[in-house]
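Inspection log for the structure reproduced underneath, given as structure tokens.
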Amino acid sequence: MPNTLHSFIGCRLLQRFLDRQRNAALLMVPTIYYEFSQAQLRLGSYESCDKTFFRHYRDKIHEHCLVAVKTHCHNISNLKVIFAIICSIVLEVPCGLTAAMAACLCMEIQDYALNEENLVASSRYWMHAIVISVMSLICWVHKASVLYRYVNQVISRRAKEAPHLNPPLMQSYKIGHGHVTWNKPTLFFEDWEMRFGLWKHFKDAQPITGNKA
């Protein structure tokens, strides 16, 4: 949608449709979900039809969310509602399919934030902060220890070298002396590392909520 308000409303409606566990109020502000965070988020239980729904519509959801990000990344409210959509997918049907779906979308958002030339700095920072928040949520939901170690490494490097790439999202940023503002590879996610972490977890872990991952 080219209109920012129309896109926001459409995304909000999609989030409300997905949010059966009523987590919306807890997903308004992107944050980092650490391994021992006492978040009040509620996980859904799911049936095979729920996974079938996402298998059928994942490409459309991926495509439209990515278009919304690229078109409206200059607006912090629009990015926050897209963040809430991705998180709702992870929370409502907590399985390998939705974890991979969310991680894939986040990697494309990161790629856009890194490589698109005509972006203001704050938009880049917002997108990177949203990506790491979703990645940490995937780890938190699935107790994915191998992936957690990798995500925490990136979080820690950013905290020391580029805190503006971590949550919270801010309207303006004051970059400290010595903070990294170029695309230093160790401050961002490697696709193969993410894929390995997800594969390792769902290969070894027992399914959660009594369902097949």
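Starting from 1 in every chain, residues are counted up; chains themselves are A, B, ... following the order of the structure tokens, and ligands are numbered from 1 as listed.
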| said: For the alpha helix (DSSP H) assignment from backbone DSSP, which residues of range 14-186 of chain A qualify? Please present them as a PyMOL selection string. | reply: chain A and resi 14-18+48-72+76-92+96-115+121-142+145-161
What does the file look like for those residues with C-alpha atoms, as an mmCIF file, in the first residue's frame?
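Wrote it out as again24.cif, contents follow:
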data_model
loop_
_atom_site.group_PDB
_atom_site.id
_atom_site.type_symbol
_atom_site.label_atom_id
_atom_site.label_comp_id
_atom_site.auth_asym_id
_atom_site.auth_seq_id
_atom_site.Cartn_x
_atom_site.Cartn_y
_atom_site.Cartn_z
ATOM 1 C CA LEU A 14 -3.927 -8.566 10.199
ATOM 2 C CA GLN A 15 -2.313 -8.499 13.619
ATOM 3 C CA ARG A 16 -5.716 -8.579 15.331
ATOM 4 C CA PHE A 17 -6.717 -11.521 13.152
ATOM 5 C CA LEU A 18 -3.584 -13.441 14.128
ATOM 6 C CA SER A 48 -2.459 -29.185 11.886
ATOM 7 C CA CYS A 49 -4.869 -26.792 10.150
ATOM 8 C CA ASP A 50 -2.991 -23.841 11.672
ATOM 9 C CA LYS A 51 0.262 -25.015 10.118
ATOM 10 C CA THR A 52 -1.574 -25.649 6.860
ATOM 11 C CA PHE A 53 -2.781 -22.046 6.922
ATOM 12 C CA PHE A 54 0.758 -20.721 7.197
ATOM 13 C CA ARG A 55 2.113 -23.132 4.602
ATOM 14 C CA HIS A 56 -0.508 -21.844 2.198
ATOM 15 C CA TYR A 57 -0.150 -18.137 2.940
ATOM 16 C CA ARG A 58 3.470 -17.760 4.045
ATOM 17 C CA ASP A 59 4.648 -16.468 0.672
ATOM 18 C CA LYS A 60 1.910 -13.827 0.549
ATOM 19 C CA ILE A 61 2.508 -12.794 4.162
ATOM 20 C CA HIS A 62 6.248 -12.606 3.493
ATOM 21 C CA GLU A 63 5.771 -10.591 0.316
ATOM 22 C CA HIS A 64 3.275 -8.089 1.731
ATOM 23 C CA CYS A 65 5.165 -7.552 4.986
ATOM 24 C CA LEU A 66 8.371 -6.930 3.061
ATOM 25 C CA VAL A 67 6.652 -4.476 0.724
ATOM 26 C CA ALA A 68 5.188 -2.664 3.742
ATOM 27 C CA VAL A 69 8.633 -2.443 5.341
ATOM 28 C CA LYS A 70 10.298 -1.135 2.195
ATOM 29 C CA THR A 71 7.541 1.377 1.492
ATOM 30 C CA HIS A 72 7.003 2.694 5.011
ATOM 31 C CA ILE A 76 8.235 4.135 13.224
ATOM 32 C CA SER A 77 4.592 3.236 13.889
ATOM 33 C CA ASN A 78 4.328 1.211 10.690
ATOM 34 C CA LEU A 79 7.487 -0.699 11.504
ATOM 35 C CA LYS A 80 6.237 -1.457 15.009
ATOM 36 C CA VAL A 81 2.989 -2.952 13.730
ATOM 37 C CA ILE A 82 4.866 -5.139 11.245
ATOM 38 C CA PHE A 83 7.064 -6.253 14.134
ATOM 39 C CA ALA A 84 3.884 -7.175 16.049
ATOM 40 C CA ILE A 85 2.598 -9.224 13.099
ATOM 41 C CA ILE A 86 5.814 -11.247 12.867
ATOM 42 C CA CYS A 87 5.860 -11.827 16.623
ATOM 43 C CA SER A 88 2.212 -12.894 16.624
ATOM 44 C CA ILE A 89 2.977 -15.536 14.017
ATOM 45 C CA VAL A 90 5.823 -16.891 16.154
ATOM 46 C CA LEU A 91 3.688 -16.919 19.303
ATOM 47 C CA GLU A 92 0.393 -18.211 17.944
ATOM 48 C CA GLY A 96 9.580 -24.862 13.205
ATOM 49 C CA LEU A 97 7.554 -23.622 10.245
ATOM 50 C CA THR A 98 6.696 -20.248 11.753
ATOM 51 C CA ALA A 99 10.142 -19.828 13.332
ATOM 52 C CA ALA A 100 11.774 -20.316 9.922
ATOM 53 C CA MET A 101 9.162 -18.093 8.289
ATOM 54 C CA ALA A 102 9.859 -15.230 10.718
ATOM 55 C CA ALA A 103 13.643 -15.665 10.534
ATOM 56 C CA CYS A 104 13.578 -15.634 6.729
ATOM 57 C CA LEU A 105 11.534 -12.437 6.675
ATOM 58 C CA CYS A 106 13.865 -10.821 9.211
ATOM 59 C CA MET A 107 16.929 -11.698 7.152
ATOM 60 C CA GLU A 108 15.381 -9.982 4.136
ATOM 61 C CA ILE A 109 14.566 -6.922 6.239
ATOM 62 C CA GLN A 110 18.177 -6.863 7.445
ATOM 63 C CA ASP A 111 19.422 -7.189 3.869
ATOM 64 C CA TYR A 112 17.268 -4.246 2.816
ATOM 65 C CA ALA A 113 18.443 -2.127 5.743
ATOM 66 C CA LEU A 114 22.076 -2.908 4.894
ATOM 67 C CA ASN A 115 21.971 -2.441 1.148
ATOM 68 C CA ALA A 121 20.004 6.405 9.331
ATOM 69 C CA SER A 122 17.133 6.158 11.813
ATOM 70 C CA SER A 123 15.142 3.881 9.479
ATOM 71 C CA ARG A 124 18.118 1.543 9.225
ATOM 72 C CA TYR A 125 18.522 1.467 12.987
ATOM 73 C CA TRP A 126 14.815 0.741 13.517
ATOM 74 C CA MET A 127 14.863 -2.189 11.118
ATOM 75 C CA HIS A 128 17.979 -3.722 12.671
ATOM 76 C CA ALA A 129 16.468 -3.336 16.141
ATOM 77 C CA ILE A 130 13.251 -5.047 15.054
ATOM 78 C CA VAL A 131 15.176 -7.905 13.467
ATOM 79 C CA ILE A 132 17.174 -8.658 16.595
ATOM 80 C CA SER A 133 14.072 -8.404 18.754
ATOM 81 C CA VAL A 134 12.250 -11.002 16.628
ATOM 82 C CA MET A 135 15.307 -13.276 16.563
ATOM 83 C CA SER A 136 15.532 -13.151 20.349
ATOM 84 C CA LEU A 137 11.795 -13.900 20.592
ATOM 85 C CA ILE A 138 12.206 -17.003 18.428
ATOM 86 C CA CYS A 139 14.934 -18.175 20.814
ATOM 87 C CA TRP A 140 12.798 -17.384 23.858
ATOM 88 C CA VAL A 141 9.726 -19.192 22.553
ATOM 89 C CA HIS A 142 11.590 -22.332 21.521
ATOM 90 C CA SER A 145 20.111 -22.699 23.134
ATOM 91 C CA VAL A 146 22.454 -22.916 20.117
ATOM 92 C CA LEU A 147 20.657 -20.095 18.340
ATOM 93 C CA TYR A 148 20.481 -18.109 21.590
ATOM 94 C CA ARG A 149 24.263 -18.190 21.900
ATOM 95 C CA TYR A 150 24.645 -16.733 18.439
ATOM 96 C CA VAL A 151 21.932 -14.077 18.903
ATOM 97 C CA ASN A 152 23.411 -13.077 22.266
ATOM 98 C CA GLN A 153 26.828 -12.656 20.657
ATOM 99 C CA VAL A 154 25.375 -10.163 18.193
ATOM 100 C CA ILE A 155 23.454 -8.372 20.963
ATOM 101 C CA SER A 156 26.621 -8.066 23.068
ATOM 102 C CA ARG A 157 28.772 -6.820 20.188
ATOM 103 C CA ARG A 158 26.193 -4.193 19.371
ATOM 104 C CA ALA A 159 25.883 -3.110 22.996
ATOM 105 C CA LYS A 160 29.608 -2.365 23.006
ATOM 106 C CA GLU A 161 30.147 -1.045 19.489
#
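Take the candidates A:Leu187, A:Met28, A:Ala205, A:Pro94 and check each one against Pro168 in chain A using only C-alpha atoms; the shortest distance goes to A:Met28.
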| request: Grab the CA of Leu26 in chain A to CA of Arg42 in chain A distance for me, in Å with one decimal place. | output: 9.8 Å
| task | Give me, please, the distance in Å between CA of Ile175 in chain A and CA of Ala162 in chain A, quoted to one decimal. | result | 8.3 Å
